[in-house]
$ cat work-v8.cif   # mmCIF, C-alpha atoms
data_my_file
#
loop_
_atom_site.label_atom_id
_atom_site.label_comp_id
_atom_site.auth_asym_id
_atom_site.auth_seq_id
_atom_site.Cartn_x
_atom_site.Cartn_y
_atom_site.Cartn_z
CA MET A 2 -16.53 -13.73 12.33
CA ALA A 3 -16.37 -12.08 15.76
CA LEU A 4 -13.34 -9.77 15.97
CA LYS A 5 -11.72 -8.00 18.93
CA GLY A 6 -12.04 -4.53 17.42
CA ASN A 7 -8.44 -3.39 17.86
CA ILE A 8 -7.49 -3.79 14.18
CA ASN A 9 -9.30 -2.29 11.18
CA HIS A 10 -8.97 -5.13 8.67
CA SER A 11 -8.98 -4.45 4.93
CA VAL A 12 -8.95 -6.83 1.96
CA VAL A 13 -6.64 -5.95 -0.96
CA PHE A 14 -8.81 -6.54 -4.01
CA TRP A 15 -6.21 -7.38 -6.66
CA CYS A 16 -5.00 -10.42 -4.70
CA PHE A 17 -8.40 -12.03 -5.05
CA ASN A 18 -9.09 -10.79 -8.56
CA ILE A 19 -5.80 -11.59 -10.32
CA ALA A 20 -6.38 -11.28 -14.09
CA GLY A 21 -10.12 -11.20 -13.41
CA GLU A 22 -10.07 -14.64 -11.82
CA LEU A 23 -11.21 -15.79 -8.37
CA TRP A 24 -13.58 -13.18 -6.86
CA ASP A 25 -15.32 -10.21 -8.45
CA ILE A 26 -16.05 -7.10 -6.37
CA GLU A 27 -19.51 -8.34 -5.35
CA LYS A 28 -18.17 -11.62 -3.96
CA THR A 29 -15.19 -9.92 -2.35
CA SER A 30 -17.50 -7.43 -0.65
CA LEU A 31 -19.76 -10.15 0.72
CA ILE A 32 -16.82 -12.18 2.02
CA ALA A 33 -15.11 -9.12 3.54
CA LYS A 34 -18.28 -8.16 5.39
CA ASN A 35 -18.84 -11.71 6.65
CA LEU A 36 -15.25 -11.87 7.94
CA GLY A 37 -15.61 -8.58 9.81
CA ALA A 38 -13.34 -6.51 7.54
CA LYS A 39 -14.23 -2.84 7.18
CA SER A 40 -12.65 -2.15 3.80
CA ILE A 41 -11.63 -3.40 0.38
CA GLU A 42 -8.66 -1.51 -1.06
CA ILE A 43 -6.43 -0.94 -4.09
CA CYS A 44 -9.48 -0.49 -6.27
CA GLY A 45 -11.09 2.47 -7.97
CA PRO A 46 -14.37 4.33 -8.48
CA ASP A 47 -15.92 1.52 -10.52
CA GLU A 48 -15.83 -0.77 -7.47
CA TRP A 49 -16.76 1.73 -4.75
CA PRO A 50 -20.58 1.66 -5.21
CA THR A 51 -20.70 -2.13 -4.78
CA MET A 52 -18.58 -1.95 -1.64
CA LYS A 53 -20.79 0.79 -0.23
CA LYS A 54 -23.82 -1.52 -0.52
CA TYR A 55 -22.14 -3.80 1.99
CA GLY A 56 -21.20 -1.01 4.36
CA LEU A 57 -17.53 -1.11 3.37
CA THR A 58 -15.11 1.69 2.62
CA CYS A 59 -12.02 1.72 0.40
CA ALA A 60 -9.20 2.34 2.86
CA LEU A 61 -6.65 2.98 0.09
CA ALA A 62 -7.53 3.82 -3.49
CA ALA A 63 -5.64 2.50 -6.51
CA ASN A 64 -3.80 5.09 -8.56
CA GLY A 65 -2.98 4.64 -12.21
CA MET A 66 -0.90 1.44 -12.29
CA PRO A 67 1.00 -0.01 -14.08
CA GLY A 68 2.43 3.08 -15.85
CA ALA A 69 2.21 6.46 -14.16
CA PRO A 70 2.50 6.89 -11.26
CA PHE A 71 4.01 3.45 -10.53
CA MET A 72 6.98 2.96 -12.85
CA LYS A 73 6.76 6.56 -14.07
CA GLY A 74 6.89 8.04 -10.61
CA LEU A 75 7.53 11.13 -8.57
CA ASN A 76 11.31 10.61 -8.65
CA ASN A 77 11.52 11.67 -12.31
CA LEU A 78 10.74 15.25 -13.35
CA ASP A 79 9.95 14.06 -16.87
CA TYR A 80 6.85 12.36 -15.47
CA HIS A 81 5.76 14.96 -12.92
CA GLU A 82 3.05 16.53 -15.04
CA GLU A 83 1.38 13.18 -15.72
CA VAL A 84 1.83 11.82 -12.19
CA ILE A 85 0.54 14.96 -10.50
CA ALA A 86 -2.46 15.15 -12.84
CA THR A 87 -3.32 11.47 -12.36
CA THR A 88 -2.95 11.63 -8.59
CA THR A 89 -4.88 14.90 -8.31
CA LYS A 90 -7.79 13.38 -10.23
CA ARG A 91 -7.85 10.36 -7.94
CA ILE A 92 -7.64 12.57 -4.82
CA GLU A 93 -10.68 14.48 -6.06
CA GLU A 94 -12.56 11.23 -6.73
CA CYS A 95 -11.66 9.95 -3.28
CA ALA A 96 -12.89 13.14 -1.62
CA ALA A 97 -16.19 12.99 -3.48
CA ALA A 98 -16.74 9.35 -2.46
CA GLY A 99 -15.51 9.59 1.12
CA VAL A 100 -12.44 7.42 0.44
CA PRO A 101 -9.73 8.38 2.97
CA ALA A 102 -6.45 7.67 1.15
CA VAL A 103 -4.72 7.06 -2.17
CA ILE A 104 -1.51 5.16 -2.91
CA ALA A 105 1.61 6.79 -4.41
CA PHE A 106 5.01 5.55 -5.58
CA THR A 107 8.57 6.82 -5.96
CA GLY A 108 8.82 5.32 -9.45
CA TYR A 109 11.62 3.35 -11.09
CA LYS A 110 15.20 4.56 -11.00
CA TRP A 111 15.85 4.58 -14.75
CA ARG A 112 15.78 7.82 -16.77
CA ASN A 113 13.34 6.11 -19.09
CA ALA A 114 11.30 4.17 -16.54
CA GLU A 115 10.84 1.24 -18.91
CA ASP A 116 14.45 1.04 -20.14
CA PRO A 117 17.10 -0.25 -17.70
CA ASN A 118 19.82 0.91 -20.14
CA SER A 119 18.77 4.56 -20.07
CA GLY A 120 20.89 5.55 -17.07
CA GLU A 121 19.92 5.91 -13.44
CA ILE A 122 18.49 8.70 -11.35
CA SER A 123 20.61 9.03 -8.20
CA LEU A 124 19.05 8.42 -4.81
CA GLN A 125 19.55 12.06 -3.88
CA GLU A 126 17.97 13.37 -7.08
CA GLY A 127 15.12 10.89 -6.79
CA ALA A 128 14.38 11.99 -3.24
CA GLU A 129 14.51 15.69 -4.17
CA ASN A 130 12.08 15.09 -7.04
CA CYS A 131 9.71 13.05 -4.86
CA VAL A 132 9.66 15.76 -2.21
CA ALA A 133 9.01 18.43 -4.82
CA GLY A 134 6.16 16.47 -6.40
CA LEU A 135 4.55 15.60 -3.08
CA LYS A 136 4.76 19.22 -1.95
CA LYS A 137 2.66 20.12 -5.00
CA LEU A 138 0.12 17.43 -4.16
CA ALA A 139 0.03 17.99 -0.40
CA PRO A 140 -2.05 21.21 -0.42
CA ILE A 141 -4.66 19.51 -2.61
CA ALA A 142 -4.77 16.49 -0.30
CA GLU A 143 -4.97 18.73 2.77
CA LYS A 144 -7.79 20.81 1.33
CA LEU A 145 -9.84 17.75 0.35
CA GLY A 146 -9.03 15.62 3.41
CA VAL A 147 -7.41 12.71 1.56
CA THR A 148 -4.12 11.12 2.63
CA ILE A 149 -1.40 10.20 0.12
CA CYS A 150 0.44 7.01 1.16
CA LEU A 151 3.88 6.58 -0.40
CA GLU A 152 4.81 2.92 -0.68
CA HIS A 153 8.13 1.22 -0.01
CA LEU A 154 8.62 -1.92 -2.17
CA ASN A 155 11.21 -4.68 -2.38
CA THR A 156 13.57 -5.01 -5.35
CA ARG A 157 15.08 -8.40 -4.41
CA ASP A 158 12.35 -10.75 -5.62
CA GLY A 159 12.26 -10.84 -9.40
CA SER A 160 10.39 -14.12 -9.62
CA HIS A 161 6.94 -12.61 -10.19
CA PRO A 162 5.76 -9.09 -11.15
CA MET A 163 3.72 -8.77 -7.96
CA LYS A 164 6.21 -10.31 -5.53
CA GLY A 165 9.01 -7.79 -6.08
CA HIS A 166 9.88 -4.83 -8.28
CA PRO A 167 13.53 -4.74 -9.44
CA GLY A 168 14.32 -1.17 -10.47
CA TYR A 169 11.93 0.55 -8.05
CA GLN A 170 13.81 3.40 -6.38
CA GLY A 171 12.01 3.44 -3.02
CA ASP A 172 13.27 0.07 -1.78
CA ASP A 173 14.79 1.24 1.52
CA ILE A 174 12.29 1.97 4.28
CA ASP A 175 14.36 4.78 5.80
CA TYR A 176 14.75 6.45 2.40
CA VAL A 177 10.99 6.50 1.79
CA ALA A 178 10.16 7.52 5.36
CA ASN A 179 12.60 10.44 5.13
CA ILE A 180 10.96 11.64 1.91
CA VAL A 181 7.65 11.72 3.76
CA ARG A 182 9.18 13.59 6.70
CA ARG A 183 10.71 16.18 4.39
CA VAL A 184 7.33 16.93 2.83
CA GLY A 185 6.05 17.72 6.31
CA SER A 186 2.33 17.31 5.63
CA PRO A 187 -0.15 15.36 7.77
CA ARG A 188 -1.70 14.24 4.49
CA VAL A 189 1.47 12.62 3.12
CA ARG A 190 2.29 9.37 4.91
CA LEU A 191 4.23 6.12 4.59
CA LEU A 192 2.72 2.81 3.50
CA PHE A 193 4.52 0.27 5.70
CA ASP A 194 4.29 -3.22 4.16
CA PHE A 195 5.64 -5.90 6.49
CA TYR A 196 6.38 -8.22 3.55
CA HIS A 197 8.50 -5.69 1.64
CA VAL A 198 10.24 -4.36 4.75
CA GLN A 199 11.13 -7.90 5.85
CA ILE A 200 12.82 -8.60 2.51
CA MET A 201 14.74 -5.32 2.25
CA ASN A 202 15.43 -4.28 5.84
CA GLY A 203 14.18 -6.83 8.39
CA ASP A 204 14.10 -5.94 12.10
CA LEU A 205 10.37 -5.36 11.69
CA MET A 206 9.36 -4.31 15.18
CA ARG A 207 12.15 -1.75 15.49
CA ARG A 208 11.40 -0.40 12.00
CA LEU A 209 7.76 -0.08 12.98
CA GLU A 210 8.59 1.88 16.12
CA GLU A 211 11.11 4.11 14.33
CA ASN A 212 8.66 5.07 11.60
CA MET A 213 5.37 5.26 13.48
CA ASP A 214 5.50 9.05 13.26
CA VAL A 215 4.89 8.86 9.49
CA ILE A 216 3.00 5.57 8.97
CA GLY A 217 -0.40 6.00 7.38
CA HIS A 218 -1.22 2.47 6.25
CA ILE A 219 -0.13 -1.14 6.85
CA HIS A 220 0.06 -4.17 4.53
CA THR A 221 0.60 -7.83 5.39
CA ALA A 222 1.73 -10.94 3.48
CA GLY A 223 3.75 -14.02 4.25
CA ASN A 224 7.41 -14.23 3.30
CA PRO A 225 8.90 -15.79 1.25
CA GLY A 226 6.56 -15.75 -1.70
CA ARG A 227 3.97 -13.13 -0.71
CA CYS A 228 1.87 -16.06 0.45
CA GLU A 229 -0.64 -16.75 3.21
CA LEU A 230 0.06 -15.79 6.82
CA ASP A 231 0.51 -19.42 7.84
CA GLU A 232 3.05 -21.71 9.49
CA ASN A 233 5.09 -21.99 6.28
CA GLN A 234 6.33 -18.39 6.29
CA GLU A 235 8.78 -16.50 8.49
CA ILE A 236 7.00 -13.38 9.77
CA ASN A 237 5.51 -13.63 13.26
CA TYR A 238 2.48 -11.38 12.91
CA PRO A 239 0.72 -11.42 16.31
CA PRO A 240 3.46 -9.54 18.24
CA LEU A 241 3.80 -7.04 15.38
CA LEU A 242 0.09 -6.30 15.43
CA ARG A 243 0.13 -6.05 19.23
CA LYS A 244 2.94 -3.51 18.88
CA LEU A 245 0.78 -1.55 16.42
CA VAL A 246 -2.00 -1.42 18.97
CA GLU A 247 0.45 -0.46 21.73
CA LEU A 248 1.78 2.38 19.60
CA GLY A 249 -1.73 3.72 19.10
CA TYR A 250 -2.14 2.96 15.39
CA LYS A 251 -5.75 3.60 14.33
CA GLY A 252 -5.48 3.10 10.58
CA TYR A 253 -6.20 0.08 8.40
CA VAL A 254 -4.30 -3.17 7.99
CA GLY A 255 -4.61 -4.41 4.40
CA HIS A 256 -4.10 -8.12 3.76
CA GLU A 257 -2.15 -8.31 0.49
CA PHE A 258 -1.06 -11.90 -0.05
CA ILE A 259 -1.30 -14.00 -3.22
CA PRO A 260 -3.41 -17.10 -2.51
CA THR A 261 -1.70 -20.43 -3.08
CA ARG A 262 -4.64 -22.51 -1.84
CA ASP A 263 -8.30 -21.89 -1.00
CA PRO A 264 -8.48 -18.06 -0.91
CA LEU A 265 -11.29 -17.91 1.64
CA ALA A 266 -9.38 -20.14 4.06
CA GLY A 267 -6.24 -18.04 3.58
CA LEU A 268 -8.03 -14.73 4.12
CA THR A 269 -9.89 -16.06 7.15
CA GLN A 270 -6.57 -17.19 8.61
CA ALA A 271 -4.90 -13.81 7.92
CA ILE A 272 -7.63 -11.90 9.71
CA HIS A 273 -7.59 -14.36 12.61
CA VAL A 274 -3.79 -14.20 12.98
CA CYS A 275 -3.75 -10.39 12.90
CA ASP A 276 -6.80 -9.83 15.10
CA VAL A 277 -5.03 -9.17 18.39
#
$ encode --input "work-v8.cif" --output "structure tokens"
Amino acid sequence: MALKGNINHSVVFWCFNIAGELWDIEKTSLIAKNLGAKSIEICGPDEWPTMKKYGLTCALAANGMPGAPFMKGLNNLDYHEEVIATTTKRIEECAAAGVPAVIAFTGYKWRNAEDPNSGEISLQEGAENCVAGLKKLAPIAEKLGVTICLEHLNTRDGSHPMKGHPGYQGDDIDYVANIVRRVGSPRVRLLFDFYHVQIMNGDLMRRLEENMDVIGHIHTAGNPGRCELDENQEINYPPLLRKLVELGYKGYVGHEFIPTRDPLAGLTQAIHVCDV
């Protein structure tokens, strides 16, 4: 598919490999290459050699989900040792393979990340702990040339474990962006997901402009439902992507929707809609 070249498209692997169904990494790589995408992301070292065969990179590496460092995140000192060790290992693997970035998370707000009745970590404490943990990781990331992308997620949609994450502490875009700013490292950035920001904050174009100083990666999906980027959802992607280009964004745009119909048709449409 002939593309305009202004957007670096990336395919988020888990969406097309849910529970091992749909596409394996070989098929995903072939399809991504044929569609003009440059990357497959949210995958790990086992998938990277196959992607490399097709001339693809991994724009954003997976990192230890679903436990640490996702639910058991940087906001909780009880989990710092595990989260920092897990993330450090993945940073080192990324550096060795030429993978530019790795995902990171604030973690869930409960004292015991898996027990909603265990009491809550305050927003202030959670932010302090995230900053402290990221400041330990930042020198490693800087030395090895790998970017850590801290993700903002929505907590409003509890209908599906991959559509929303009730209990996740980093559900306000300004809160997560300010954590990144406080770390003050060029290798610690914000993962700006249009789908999650639309649900929690809205005002997407203004949010994009306000946070461009710390954005390191972009995700797309249709809302409601984390569905295809089609006429049945509410986000108007072309002007948002044009704004990205206007603002000088040179990173990747990862398409992270859950297919509800033919996945190839949906992915083709997403790339077409966002190729401005």
$ closest_residue --input "work-v8.cif" --among "A:Ala97, A:Leu209, A:Leu191, A:Leu36" --to "Gln270 in chain A" --atoms "all atoms listed in the file"
A:Leu36
$ axis_aligned_box --input "work-v8.cif" --around "range 230-238 of chain A" --padding-each-side "8 Å" --output "JSON"
{"center_x": 4.4, "center_y": -16.7, "center_z": 9.8, "size_x": 24.7, "size_y": 26.6, "size_z": 23.0}
$ closest_residue --input "work-v8.cif" --among "A:Leu138, A:Val12, A:Leu23, A:Leu75" --to "Ile219 in chain A" --atoms "only C-alpha atoms"
A:Val12
$ atom_distance --input "work-v8.cif" --atom1 "CA of Ala60 in chain A" --atom2 "CA of His220 in chain A"
11.4 Å
$ resolve_selection --input "work-v8.cif" --expression "the PyMOL selection byres ((chain A and resi 244-254) around 9)" --output "MDAnalysis selection string"
chainID A and resid 7:12 39:40 60:61 206 209:210 213 216:221 239:243 255:256 275 277
